[in-house]
Amino acid sequence: MFLLISALLTCAAMLFSSVTRMFHWGLPYSFPYFFVPGQLLSDFRFFWTKFAYFPTYDFYSGRAGYFMYPLPLFYLLRPLFATSRPFILFLVILFVLSAILAYVFARAMKSTGMAGTTLLLFVTGTILLSYPMAFEYLRGNVEIVLFSLTAFGLIAWWRQKPYLAALLFGVAGACKIYPLILVGLLFSERRWRAVGLAFLTAIAVTLASAWAFGPTVHDALAWNGFQLGLFQKRYAGIPSQLGYDHSFFGLIKFVTLPWHPVLTWAVPIYVRTAALLSLVLYFLRIRHLPRLNQVLILSILSVTLPPVSYDYTLLALYPPLVLLSMEITRRAYAGVAPFPYALRYFALFGVLLTPLSFLTWYSNPHHAQARCVCLIVILWTALRHPIPEIVKSPTPGLLVEQSAGA
């Protein structure tokens, strides 16, 4: 069902976009894959233009554009632009990381008993029909690096390597704060040292980046704080580029769009309120749920709680998709019934991870709001219905459900 929905929606998006282009009806923002005029590696080209002025006054003053990212990301990008072929090097890194992740995906599914044509069809189909990965290649965003850090952090956690997971979550959280939400997985298991290590890693990476950036740690953090503040004013608070912003706050901006409000003043209020409500929800409900529910819920929150969350962040949904696929495959080969609402999960993931450019009205895309609604439905389902894992019982050759929490 997941592959069928993915294929049908991808074909529908390609057909719609081809027709709109043929008749000059205007291109939706997320025109599928590599056919958007002037969009190929556009995010990476922006950084290239910005770093061309480093370390001149224009770089620091903003005349060459602003660096609206945490400082550790500067040191992920700087080595690339210190070479003579940054585009080629970035594409190599992008391809290598994609190949490694695809290999890990195939190994994970093979470990459940899936093999042969079934394994090839599912893994290849999922990768080729992946709109977030295609969008990553199209735009050339650094999200692939952060996704790799969190994905391998989740693998380490799943394999009972909490300290390695903490280090990876900490580095990713220093680059963008929201991956630190996944530290809740360690907290649920009462791995206090690993939790502390994750936050100490994030702080240490941030301070080290500020010290290297200079001239002092205070000056570097003040400069970076000003840059991040501009992001709030220029993107988070205004109803701009809503067509691919699937955050909760993006949905609020969409609902209030008829009144054309500027919600810059509401961003700090939203961030604090969302953080508080998420903490309450975590302590009252999330941490008591089984592992699969926790991964699913925390991954969704990591891409919906930020005041702005664009299409490439949907990559963060692949680890829970893989874990759900592994669980339902194990059940199928063991003759155990699917977990509750399995079909709903996979149908919604099929919608989430495909281009929905046909959801366009007068050249205004609305597919991000459709994705936000899907994310809310998955979140609600995962909060209400535990997903028990099947485990080996003391009786040889017998598998049973494990319904207890983490």
# chains A, B, ... in the order shown; residues from 1 in each chain; ligands from 1
>>> closest_atom_pairs(of="region 321-378 of chain A", to="region 241-247 of chain A", cutoff="12 Å", atoms="only C-alpha atoms", output="tab-separated table")
residue	atom	partner	partner_atom	distance
A:Leu352	CA	A:His246	CA	10.1
A:Pro355	CA	A:Tyr244	CA	10.4
A:Leu356	CA	A:Tyr244	CA	10.1
A:Ser357	CA	A:Gly243	CA	9.2
A:Phe358	CA	A:Gly243	CA	11.6
A:Leu359	CA	A:Gly243	CA	9.5
A:Thr360	CA	A:Gly243	CA	8.8
A:Trp361	CA	A:Gly243	CA	10.8
A:Ser363	CA	A:Gly243	CA	10.1
A:Asn364	CA	A:Gly243	CA	7.0
A:Pro365	CA	A:Gly243	CA	4.7
A:His366	CA	A:Gly243	CA	5.1
A:His367	CA	A:Gly243	CA	6.1
A:Ala368	CA	A:Tyr244	CA	4.7
A:Gln369	CA	A:His246	CA	5.9
A:Ala370	CA	A:His246	CA	8.1
A:Arg371	CA	A:His246	CA	6.2
A:Cys372	CA	A:His246	CA	4.9
A:Val373	CA	A:His246	CA	8.7
A:Cys374	CA	A:His246	CA	9.8
A:Leu375	CA	A:His246	CA	8.7
A:Ile376	CA	A:Ser247	CA	10.2
>>> write_last_selection(atoms="N, CA and C atoms", output="CSV table (one decimal), in the first residue's frame")
chain,number,residue,atom,x,y,z
A,352,LEU,N,3.0,11.6,2.9
A,352,LEU,CA,4.0,12.5,3.4
A,352,LEU,C,5.2,12.6,2.5
A,355,PRO,N,5.8,13.9,-3.7
A,355,PRO,CA,5.4,15.3,-4.1
A,355,PRO,C,3.9,15.5,-4.3
A,356,LEU,N,3.4,16.5,-3.7
A,356,LEU,CA,2.0,16.8,-3.8
A,356,LEU,C,1.7,18.1,-4.5
A,357,SER,N,2.5,18.3,-5.6
A,357,SER,CA,2.4,19.6,-6.3
A,357,SER,C,1.1,19.9,-6.9
A,358,PHE,N,0.2,18.9,-7.1
A,358,PHE,CA,-1.1,19.1,-7.7
A,358,PHE,C,-2.0,19.8,-6.7
A,359,LEU,N,-1.6,19.8,-5.4
A,359,LEU,CA,-2.4,20.6,-4.4
A,359,LEU,C,-2.1,22.0,-4.5
A,360,THR,N,-2.4,22.6,-5.7
A,360,THR,CA,-2.1,24.0,-6.0
A,360,THR,C,-3.3,24.7,-6.5
A,361,TRP,N,-3.5,26.0,-6.0
A,361,TRP,CA,-4.6,26.8,-6.4
A,361,TRP,C,-4.1,28.1,-6.8
A,363,SER,N,-1.6,28.9,-8.7
A,363,SER,CA,-0.1,28.8,-8.5
A,363,SER,C,0.3,28.9,-7.1
A,364,ASN,N,-0.6,28.8,-6.1
A,364,ASN,CA,-0.2,28.8,-4.7
A,364,ASN,C,-0.3,27.4,-4.2
A,365,PRO,N,0.9,26.8,-3.8
A,365,PRO,CA,0.9,25.4,-3.4
A,365,PRO,C,0.4,25.3,-1.9
A,366,HIS,N,-0.3,24.2,-1.7
A,366,HIS,CA,-0.9,24.0,-0.3
A,366,HIS,C,-0.5,22.6,0.2
A,367,HIS,N,0.5,22.0,-0.4
A,367,HIS,CA,0.8,20.6,0.0
A,367,HIS,C,1.5,20.5,1.3
A,368,ALA,N,2.1,21.6,1.8
A,368,ALA,CA,2.7,21.5,3.1
A,368,ALA,C,1.6,21.4,4.2
A,369,GLN,N,0.5,22.1,4.0
A,369,GLN,CA,-0.6,22.0,5.0
A,369,GLN,C,-1.2,20.7,5.0
A,370,ALA,N,-1.3,20.0,3.8
A,370,ALA,CA,-1.8,18.6,3.8
A,370,ALA,C,-0.8,17.7,4.5
A,371,ARG,N,0.5,17.9,4.4
A,371,ARG,CA,1.4,17.1,5.1
A,371,ARG,C,1.3,17.4,6.6
A,372,CYS,N,1.1,18.6,7.0
A,372,CYS,CA,1.0,18.9,8.5
A,372,CYS,C,-0.2,18.2,9.0
A,373,VAL,N,-1.3,18.1,8.3
A,373,VAL,CA,-2.5,17.4,8.8
A,373,VAL,C,-2.2,15.9,8.9
A,374,CYS,N,-1.5,15.4,7.9
A,374,CYS,CA,-1.1,13.9,8.0
A,374,CYS,C,-0.2,13.7,9.2
A,375,LEU,N,0.7,14.6,9.5
A,375,LEU,CA,1.6,14.5,10.6
A,375,LEU,C,0.8,14.5,12.0
A,376,ILE,N,-0.2,15.4,12.0
A,376,ILE,CA,-1.0,15.4,13.2
A,376,ILE,C,-1.8,14.1,13.4
>>> closest_atom_pairs(of="region 259-314 of chain A", to="region 324-344 of chain A", cutoff="10 Å", atoms="only C-alpha atoms", output="CSV")
residue,atom,partner,partner_atom,distance
A:Leu292,CA,A:Leu324,CA,7.3
A:Asn293,CA,A:Leu324,CA,9.5
A:Val295,CA,A:Leu324,CA,9.9
A:Leu296,CA,A:Leu324,CA,8.8
>>> closest_residue(among="A:Ala236, A:Ile93, A:Val351, A:Leu281", to="Leu263 (chain A)", atoms="only C-alpha atoms")
A:Ala236
>>> residues_around(residues="region 302-305 of chain A", least_positions_apart="3", cutoff="8 Å", atoms="only C-alpha atoms", output="PDB file with all heavy atoms, in the first residue's frame")
ATOM      1  N   TYR A 178      16.610  21.269  17.286  1.00  0.00           N
ATOM      2  CA  TYR A 178      15.481  20.334  17.402  1.00  0.00           C
ATOM      3  C   TYR A 178      15.867  18.855  17.387  1.00  0.00           C
ATOM      4  O   TYR A 178      15.106  18.028  17.930  1.00  0.00           O
ATOM      5  CB  TYR A 178      14.440  20.655  16.344  1.00  0.00           C
ATOM      6  CG  TYR A 178      13.699  21.922  16.699  1.00  0.00           C
ATOM      7  CD1 TYR A 178      14.115  23.155  16.213  1.00  0.00           C
ATOM      8  CD2 TYR A 178      12.619  21.890  17.565  1.00  0.00           C
ATOM      9  CE1 TYR A 178      13.452  24.324  16.583  1.00  0.00           C
ATOM     10  CE2 TYR A 178      11.953  23.046  17.931  1.00  0.00           C
ATOM     11  CZ  TYR A 178      12.381  24.267  17.437  1.00  0.00           C
ATOM     12  OH  TYR A 178      11.730  25.416  17.819  1.00  0.00           O
ATOM     13  N   PRO A 179      16.991  18.426  16.815  1.00  0.00           N
ATOM     14  CA  PRO A 179      17.371  17.008  16.991  1.00  0.00           C
ATOM     15  C   PRO A 179      17.573  16.590  18.438  1.00  0.00           C
ATOM     16  O   PRO A 179      17.523  15.397  18.750  1.00  0.00           O
ATOM     17  CB  PRO A 179      18.678  16.910  16.197  1.00  0.00           C
ATOM     18  CG  PRO A 179      18.546  17.947  15.129  1.00  0.00           C
ATOM     19  CD  PRO A 179      17.829  19.082  15.794  1.00  0.00           C
ATOM     20  N   ILE A 181      15.536  16.786  20.641  1.00  0.00           N
ATOM     21  CA  ILE A 181      14.293  16.161  21.095  1.00  0.00           C
ATOM     22  C   ILE A 181      14.468  14.654  21.235  1.00  0.00           C
ATOM     23  O   ILE A 181      13.878  14.022  22.117  1.00  0.00           O
ATOM     24  CB  ILE A 181      13.156  16.483  20.104  1.00  0.00           C
ATOM     25  CG1 ILE A 181      12.782  17.969  20.191  1.00  0.00           C
ATOM     26  CG2 ILE A 181      11.927  15.621  20.363  1.00  0.00           C
ATOM     27  CD1 ILE A 181      11.780  18.413  19.155  1.00  0.00           C
ATOM     28  N   LEU A 182      15.317  14.076  20.393  1.00  0.00           N
ATOM     29  CA  LEU A 182      15.524  12.623  20.425  1.00  0.00           C
ATOM     30  C   LEU A 182      16.242  12.158  21.683  1.00  0.00           C
ATOM     31  O   LEU A 182      16.263  10.951  21.967  1.00  0.00           O
ATOM     32  CB  LEU A 182      16.308  12.191  19.186  1.00  0.00           C
ATOM     33  CG  LEU A 182      15.595  12.435  17.847  1.00  0.00           C
ATOM     34  CD1 LEU A 182      16.519  12.113  16.684  1.00  0.00           C
ATOM     35  CD2 LEU A 182      14.316  11.603  17.761  1.00  0.00           C
ATOM     36  N   HIS A 246       5.761  22.704   6.700  1.00  0.00           N
ATOM     37  CA  HIS A 246       4.812  21.786   7.319  1.00  0.00           C
ATOM     38  C   HIS A 246       4.830  21.851   8.843  1.00  0.00           C
ATOM     39  O   HIS A 246       4.373  20.923   9.511  1.00  0.00           O
ATOM     40  CB  HIS A 246       5.096  20.343   6.869  1.00  0.00           C
ATOM     41  CG  HIS A 246       6.541  19.970   7.006  1.00  0.00           C
ATOM     42  ND1 HIS A 246       7.410  19.999   5.938  1.00  0.00           N
ATOM     43  CD2 HIS A 246       7.274  19.580   8.075  1.00  0.00           C
ATOM     44  CE1 HIS A 246       8.616  19.635   6.348  1.00  0.00           C
ATOM     45  NE2 HIS A 246       8.549  19.369   7.637  1.00  0.00           N
ATOM     46  N   SER A 247       5.343  22.936   9.412  1.00  0.00           N
ATOM     47  CA  SER A 247       5.377  23.074  10.867  1.00  0.00           C
ATOM     48  C   SER A 247       3.989  23.414  11.409  1.00  0.00           C
ATOM     49  O   SER A 247       3.104  23.858  10.674  1.00  0.00           O
ATOM     50  CB  SER A 247       6.359  24.180  11.269  1.00  0.00           C
ATOM     51  OG  SER A 247       5.894  25.449  10.830  1.00  0.00           O
ATOM     52  N   PHE A 248       3.811  23.223  12.723  1.00  0.00           N
ATOM     53  CA  PHE A 248       2.562  23.622  13.366  1.00  0.00           C
ATOM     54  C   PHE A 248       2.329  25.123  13.210  1.00  0.00           C
ATOM     55  O   PHE A 248       1.209  25.567  12.957  1.00  0.00           O
ATOM     56  CB  PHE A 248       2.586  23.256  14.855  1.00  0.00           C
ATOM     57  CG  PHE A 248       2.583  21.777  15.129  1.00  0.00           C
ATOM     58  CD1 PHE A 248       3.203  21.263  16.254  1.00  0.00           C
ATOM     59  CD2 PHE A 248       1.945  20.899  14.269  1.00  0.00           C
ATOM     60  CE1 PHE A 248       3.196  19.906  16.520  1.00  0.00           C
ATOM     61  CE2 PHE A 248       1.930  19.535  14.519  1.00  0.00           C
ATOM     62  CZ  PHE A 248       2.554  19.039  15.652  1.00  0.00           C
ATOM     63  N   PHE A 249       3.398  25.904  13.369  1.00  0.00           N
ATOM     64  CA  PHE A 249       3.267  27.351  13.258  1.00  0.00           C
ATOM     65  C   PHE A 249       2.951  27.748  11.813  1.00  0.00           C
ATOM     66  O   PHE A 249       2.239  28.734  11.574  1.00  0.00           O
ATOM     67  CB  PHE A 249       4.545  28.042  13.732  1.00  0.00           C
ATOM     68  CG  PHE A 249       4.377  29.513  13.984  1.00  0.00           C
ATOM     69  CD1 PHE A 249       3.537  29.970  14.968  1.00  0.00           C
ATOM     70  CD2 PHE A 249       5.070  30.448  13.221  1.00  0.00           C
ATOM     71  CE1 PHE A 249       3.379  31.332  15.211  1.00  0.00           C
ATOM     72  CE2 PHE A 249       4.920  31.808  13.446  1.00  0.00           C
ATOM     73  CZ  PHE A 249       4.064  32.246  14.440  1.00  0.00           C
ATOM     74  N   VAL A 271       7.115  29.447  20.417  1.00  0.00           N
ATOM     75  CA  VAL A 271       8.234  28.555  20.742  1.00  0.00           C
ATOM     76  C   VAL A 271       8.181  28.134  22.204  1.00  0.00           C
ATOM     77  O   VAL A 271       8.322  26.942  22.532  1.00  0.00           O
ATOM     78  CB  VAL A 271       9.577  29.244  20.411  1.00  0.00           C
ATOM     79  CG1 VAL A 271      10.745  28.426  20.968  1.00  0.00           C
ATOM     80  CG2 VAL A 271       9.723  29.429  18.906  1.00  0.00           C
ATOM     81  N   ALA A 274       4.988  25.897  22.768  1.00  0.00           N
ATOM     82  CA  ALA A 274       5.155  24.569  22.172  1.00  0.00           C
ATOM     83  C   ALA A 274       6.134  23.729  22.982  1.00  0.00           C
ATOM     84  O   ALA A 274       5.920  22.523  23.187  1.00  0.00           O
ATOM     85  CB  ALA A 274       5.638  24.706  20.727  1.00  0.00           C
ATOM     86  N   ALA A 275       7.225  24.359  23.453  1.00  0.00           N
ATOM     87  CA  ALA A 275       8.206  23.627  24.257  1.00  0.00           C
ATOM     88  C   ALA A 275       7.592  23.150  25.567  1.00  0.00           C
ATOM     89  O   ALA A 275       7.787  21.993  25.981  1.00  0.00           O
ATOM     90  CB  ALA A 275       9.418  24.519  24.531  1.00  0.00           C
ATOM     91  N   LEU A 298       8.607  11.459  18.650  1.00  0.00           N
ATOM     92  CA  LEU A 298       9.692  12.434  18.789  1.00  0.00           C
ATOM     93  C   LEU A 298      10.240  12.858  17.431  1.00  0.00           C
ATOM     94  O   LEU A 298      10.632  14.021  17.244  1.00  0.00           O
ATOM     95  CB  LEU A 298      10.802  11.860  19.667  1.00  0.00           C
ATOM     96  CG  LEU A 298      10.407  11.590  21.128  1.00  0.00           C
ATOM     97  CD1 LEU A 298      11.580  11.001  21.901  1.00  0.00           C
ATOM     98  CD2 LEU A 298       9.919  12.872  21.801  1.00  0.00           C
ATOM     99  N   SER A 299      10.267  11.949  16.465  1.00  0.00           N
ATOM    100  CA  SER A 299      10.722  12.316  15.120  1.00  0.00           C
ATOM    101  C   SER A 299       9.752  13.310  14.485  1.00  0.00           C
ATOM    102  O   SER A 299      10.175  14.274  13.825  1.00  0.00           O
ATOM    103  CB  SER A 299      10.852  11.060  14.242  1.00  0.00           C
ATOM    104  OG  SER A 299      11.839  10.188  14.738  1.00  0.00           O
ATOM    105  N   SER A 309       9.647  24.786   9.083  1.00  0.00           N
ATOM    106  CA  SER A 309      10.200  23.464   8.801  1.00  0.00           C
ATOM    107  C   SER A 309       9.904  23.129   7.343  1.00  0.00           C
ATOM    108  O   SER A 309       8.754  22.883   6.982  1.00  0.00           O
ATOM    109  CB  SER A 309       9.594  22.414   9.736  1.00  0.00           C
ATOM    110  OG  SER A 309      10.252  21.172   9.614  1.00  0.00           O
ATOM    111  N   THR A 313      13.424  18.649   5.688  1.00  0.00           N
ATOM    112  CA  THR A 313      13.408  18.081   7.039  1.00  0.00           C
ATOM    113  C   THR A 313      12.571  16.815   7.114  1.00  0.00           C
ATOM    114  O   THR A 313      12.647  16.080   8.107  1.00  0.00           O
ATOM    115  CB  THR A 313      12.871  19.101   8.059  1.00  0.00           C
ATOM    116  OG1 THR A 313      11.504  19.397   7.769  1.00  0.00           O
ATOM    117  CG2 THR A 313      13.686  20.394   8.016  1.00  0.00           C
ATOM    118  N   LEU A 314      11.770  16.546   6.077  1.00  0.00           N
ATOM    119  CA  LEU A 314      10.984  15.302   6.049  1.00  0.00           C
ATOM    120  C   LEU A 314      11.876  14.066   6.033  1.00  0.00           C
ATOM    121  O   LEU A 314      11.403  12.954   6.270  1.00  0.00           O
ATOM    122  CB  LEU A 314      10.062  15.289   4.833  1.00  0.00           C
ATOM    123  CG  LEU A 314       8.929  16.324   4.832  1.00  0.00           C
ATOM    124  CD1 LEU A 314       8.246  16.360   3.475  1.00  0.00           C
ATOM    125  CD2 LEU A 314       7.905  16.021   5.923  1.00  0.00           C
ATOM    126  N   ALA A 316      13.775  13.275   8.248  1.00  0.00           N
ATOM    127  CA  ALA A 316      13.766  12.768   9.624  1.00  0.00           C
ATOM    128  C   ALA A 316      12.672  11.736   9.852  1.00  0.00           C
ATOM    129  O   ALA A 316      12.677  11.040  10.876  1.00  0.00           O
ATOM    130  CB  ALA A 316      13.596  13.928  10.606  1.00  0.00           C
ATOM    131  N   CYS A 372       1.114  18.608   7.029  1.00  0.00           N
ATOM    132  CA  CYS A 372       0.977  18.908   8.454  1.00  0.00           C
ATOM    133  C   CYS A 372      -0.217  18.175   9.048  1.00  0.00           C
ATOM    134  O   CYS A 372      -0.135  17.627  10.153  1.00  0.00           O
ATOM    135  CB  CYS A 372       0.837  20.421   8.660  1.00  0.00           C
ATOM    136  SG  CYS A 372       0.852  20.919  10.398  1.00  0.00           S
TER     137      CYS A 372
END
>>> closest_residue(among="A:Ile297, A:Leu277, A:Gly214, A:Phe349", to="Tyr60 (chain A)", atoms="only C-alpha atoms")
A:Gly214
>>> closest_residue(among="A:Thr10, A:Leu120, A:Phe169, A:Ile177", to="Ala198 (chain A)", atoms="only C-alpha atoms")
A:Phe169
>>> residues_around(residues="Leu186 (chain A)", least_positions_apart="3", cutoff="12 Å", atoms="only C-alpha atoms", output="MDAnalysis selection string")
chainID A and resid 153:154 156:158 160:167 169 180:183 189:199 287 291 294:295 298 406
>>> write_last_selection(atoms="N, CA and C atoms", output="mmCIF file, in the first residue's frame")
data_model
loop_
_atom_site.group_PDB
_atom_site.id
_atom_site.type_symbol
_atom_site.label_atom_id
_atom_site.label_comp_id
_atom_site.auth_asym_id
_atom_site.auth_seq_id
_atom_site.Cartn_x
_atom_site.Cartn_y
_atom_site.Cartn_z
ATOM 1 N N GLY A 153 22.544 8.086 15.035
ATOM 2 C CA GLY A 153 22.303 8.164 16.473
ATOM 3 C C GLY A 153 21.166 7.235 16.890
ATOM 4 N N LEU A 154 20.108 7.184 16.087
ATOM 5 C CA LEU A 154 18.995 6.283 16.378
ATOM 6 C C LEU A 154 19.399 4.817 16.236
ATOM 7 N N ALA A 156 22.407 3.684 16.803
ATOM 8 C CA ALA A 156 23.209 3.401 17.997
ATOM 9 C C ALA A 156 22.312 3.176 19.214
ATOM 10 N N TRP A 157 21.280 4.014 19.347
ATOM 11 C CA TRP A 157 20.361 3.838 20.476
ATOM 12 C C TRP A 157 19.633 2.506 20.377
ATOM 13 N N TRP A 158 19.166 2.145 19.197
ATOM 14 C CA TRP A 158 18.431 0.896 19.008
ATOM 15 C C TRP A 158 19.304 -0.312 19.324
ATOM 16 N N GLN A 160 21.537 -0.425 21.598
ATOM 17 C CA GLN A 160 21.976 -0.325 22.988
ATOM 18 C C GLN A 160 23.390 0.259 23.123
ATOM 19 N N LYS A 161 23.656 1.313 22.365
ATOM 20 C CA LYS A 161 24.910 2.060 22.479
ATOM 21 C C LYS A 161 24.572 3.504 22.820
ATOM 22 N N PRO A 162 24.142 3.751 24.068
ATOM 23 C CA PRO A 162 23.590 5.061 24.426
ATOM 24 C C PRO A 162 24.590 6.205 24.335
ATOM 25 N N TYR A 163 25.865 5.951 24.660
ATOM 26 C CA TYR A 163 26.840 7.049 24.659
ATOM 27 C C TYR A 163 27.164 7.504 23.239
ATOM 28 N N LEU A 164 27.246 6.568 22.311
ATOM 29 C CA LEU A 164 27.451 6.945 20.920
ATOM 30 C C LEU A 164 26.239 7.710 20.402
ATOM 31 N N ALA A 165 25.051 7.235 20.762
ATOM 32 C CA ALA A 165 23.829 7.942 20.366
ATOM 33 C C ALA A 165 23.820 9.354 20.939
ATOM 34 N N ALA A 166 24.228 9.498 22.201
ATOM 35 C CA ALA A 166 24.241 10.809 22.843
ATOM 36 C C ALA A 166 25.193 11.768 22.120
ATOM 37 N N LEU A 167 26.365 11.267 21.737
ATOM 38 C CA LEU A 167 27.323 12.116 21.018
ATOM 39 C C LEU A 167 26.755 12.591 19.684
ATOM 40 N N PHE A 169 23.534 12.747 18.749
ATOM 41 C CA PHE A 169 22.417 13.664 18.985
ATOM 42 C C PHE A 169 22.941 15.041 19.414
ATOM 43 N N LEU A 180 17.778 17.564 19.344
ATOM 44 C CA LEU A 180 17.933 17.215 20.758
ATOM 45 C C LEU A 180 16.655 16.627 21.340
ATOM 46 N N ILE A 181 15.536 16.786 20.641
ATOM 47 C CA ILE A 181 14.293 16.161 21.095
ATOM 48 C C ILE A 181 14.468 14.654 21.235
ATOM 49 N N LEU A 182 15.317 14.076 20.393
ATOM 50 C CA LEU A 182 15.524 12.623 20.425
ATOM 51 C C LEU A 182 16.242 12.158 21.683
ATOM 52 N N VAL A 183 16.834 13.078 22.443
ATOM 53 C CA VAL A 183 17.450 12.703 23.720
ATOM 54 C C VAL A 183 16.382 12.157 24.673
ATOM 55 N N GLU A 189 14.742 5.750 29.165
ATOM 56 C CA GLU A 189 15.434 4.553 29.652
ATOM 57 C C GLU A 189 16.279 4.833 30.887
ATOM 58 N N ARG A 190 16.167 6.066 31.403
ATOM 59 C CA ARG A 190 16.891 6.492 32.608
ATOM 60 C C ARG A 190 18.402 6.383 32.447
ATOM 61 N N ARG A 191 18.853 6.675 31.273
ATOM 62 C CA ARG A 191 20.299 6.703 31.015
ATOM 63 C C ARG A 191 20.786 8.127 31.251
ATOM 64 N N TRP A 192 20.908 8.479 32.525
ATOM 65 C CA TRP A 192 21.168 9.870 32.900
ATOM 66 C C TRP A 192 22.521 10.362 32.391
ATOM 67 N N ARG A 193 23.524 9.515 32.440
ATOM 68 C CA ARG A 193 24.846 9.939 31.969
ATOM 69 C C ARG A 193 24.831 10.221 30.472
ATOM 70 N N ALA A 194 24.129 9.395 29.732
ATOM 71 C CA ALA A 194 24.031 9.618 28.288
ATOM 72 C C ALA A 194 23.264 10.908 27.990
ATOM 73 N N VAL A 195 22.210 11.180 28.758
ATOM 74 C CA VAL A 195 21.460 12.432 28.586
ATOM 75 C C VAL A 195 22.376 13.623 28.836
ATOM 76 N N GLY A 196 23.128 13.564 29.928
ATOM 77 C CA GLY A 196 24.069 14.648 30.228
ATOM 78 C C GLY A 196 25.129 14.795 29.154
ATOM 79 N N LEU A 197 25.612 13.679 28.640
ATOM 80 C CA LEU A 197 26.628 13.718 27.588
ATOM 81 C C LEU A 197 26.087 14.394 26.329
ATOM 82 N N ALA A 198 24.837 14.128 25.989
ATOM 83 C CA ALA A 198 24.247 14.736 24.793
ATOM 84 C C ALA A 198 24.205 16.254 24.906
ATOM 85 N N PHE A 199 23.740 16.763 26.040
ATOM 86 C CA PHE A 199 23.657 18.212 26.207
ATOM 87 C C PHE A 199 25.039 18.850 26.355
ATOM 88 N N ARG A 287 6.857 9.168 27.351
ATOM 89 C CA ARG A 287 7.917 8.328 27.921
ATOM 90 C C ARG A 287 7.406 6.989 28.448
ATOM 91 N N ARG A 291 8.873 1.626 22.543
ATOM 92 C CA ARG A 291 9.955 2.289 21.818
ATOM 93 C C ARG A 291 9.526 2.809 20.455
ATOM 94 N N GLN A 294 7.649 6.009 20.707
ATOM 95 C CA GLN A 294 8.492 7.137 21.087
ATOM 96 C C GLN A 294 9.305 7.656 19.908
ATOM 97 N N VAL A 295 9.898 6.740 19.141
ATOM 98 C CA VAL A 295 10.672 7.173 17.971
ATOM 99 C C VAL A 295 9.782 7.914 16.989
ATOM 100 N N LEU A 298 8.607 11.459 18.650
ATOM 101 C CA LEU A 298 9.692 12.434 18.789
ATOM 102 C C LEU A 298 10.240 12.858 17.431
ATOM 103 N N ALA A 406 9.118 1.628 27.270
ATOM 104 C CA ALA A 406 10.579 1.532 27.140
ATOM 105 C C ALA A 406 11.198 1.255 28.492
#
>>> residues_around(residues="Trp223 (chain A)", least_positions_apart="6", cutoff="12 Å", atoms="only C-alpha atoms", output="list of chain:residue names")
A:Phe59, A:Tyr60, A:Ser61, A:Gly62, A:Tyr66, A:Phe67, A:Met68, A:Tyr69, A:Pro70, A:Leu71, A:Ala210, A:Phe213, A:Gly214, A:Pro215, A:Thr216, A:Val217, A:Gly229, A:Leu230
>>> closest_residue(among="A:Leu94, A:Leu315, A:Met109, A:Ile269", to="Leu41 (chain A)", atoms="only C-alpha atoms")
A:Leu94
>>> residues_around(residues="Ile144 (chain A)", least_positions_apart="4", cutoff="9 Å", atoms="only C-alpha atoms", output="VMD selection string")
chain A and resid 94 97 to 98 133 136 140 148 to 149 312 to 313 315
>>> select_by_dssp(residues="region 8-95 of chain A", states="alpha helix (DSSP H)", output="JSON, numbers by chain")
{"A": [8, 9, 10, 11, 12, 13, 14, 15, 16, 17, 18, 19, 20, 21, 22, 42, 43, 44, 45, 46, 47, 48, 49, 50, 51, 57, 58, 59, 60, 61, 71, 72, 73, 74, 75, 76, 77, 78, 79, 80, 81, 86, 87, 88, 89, 90, 91, 92, 93, 94, 95]}
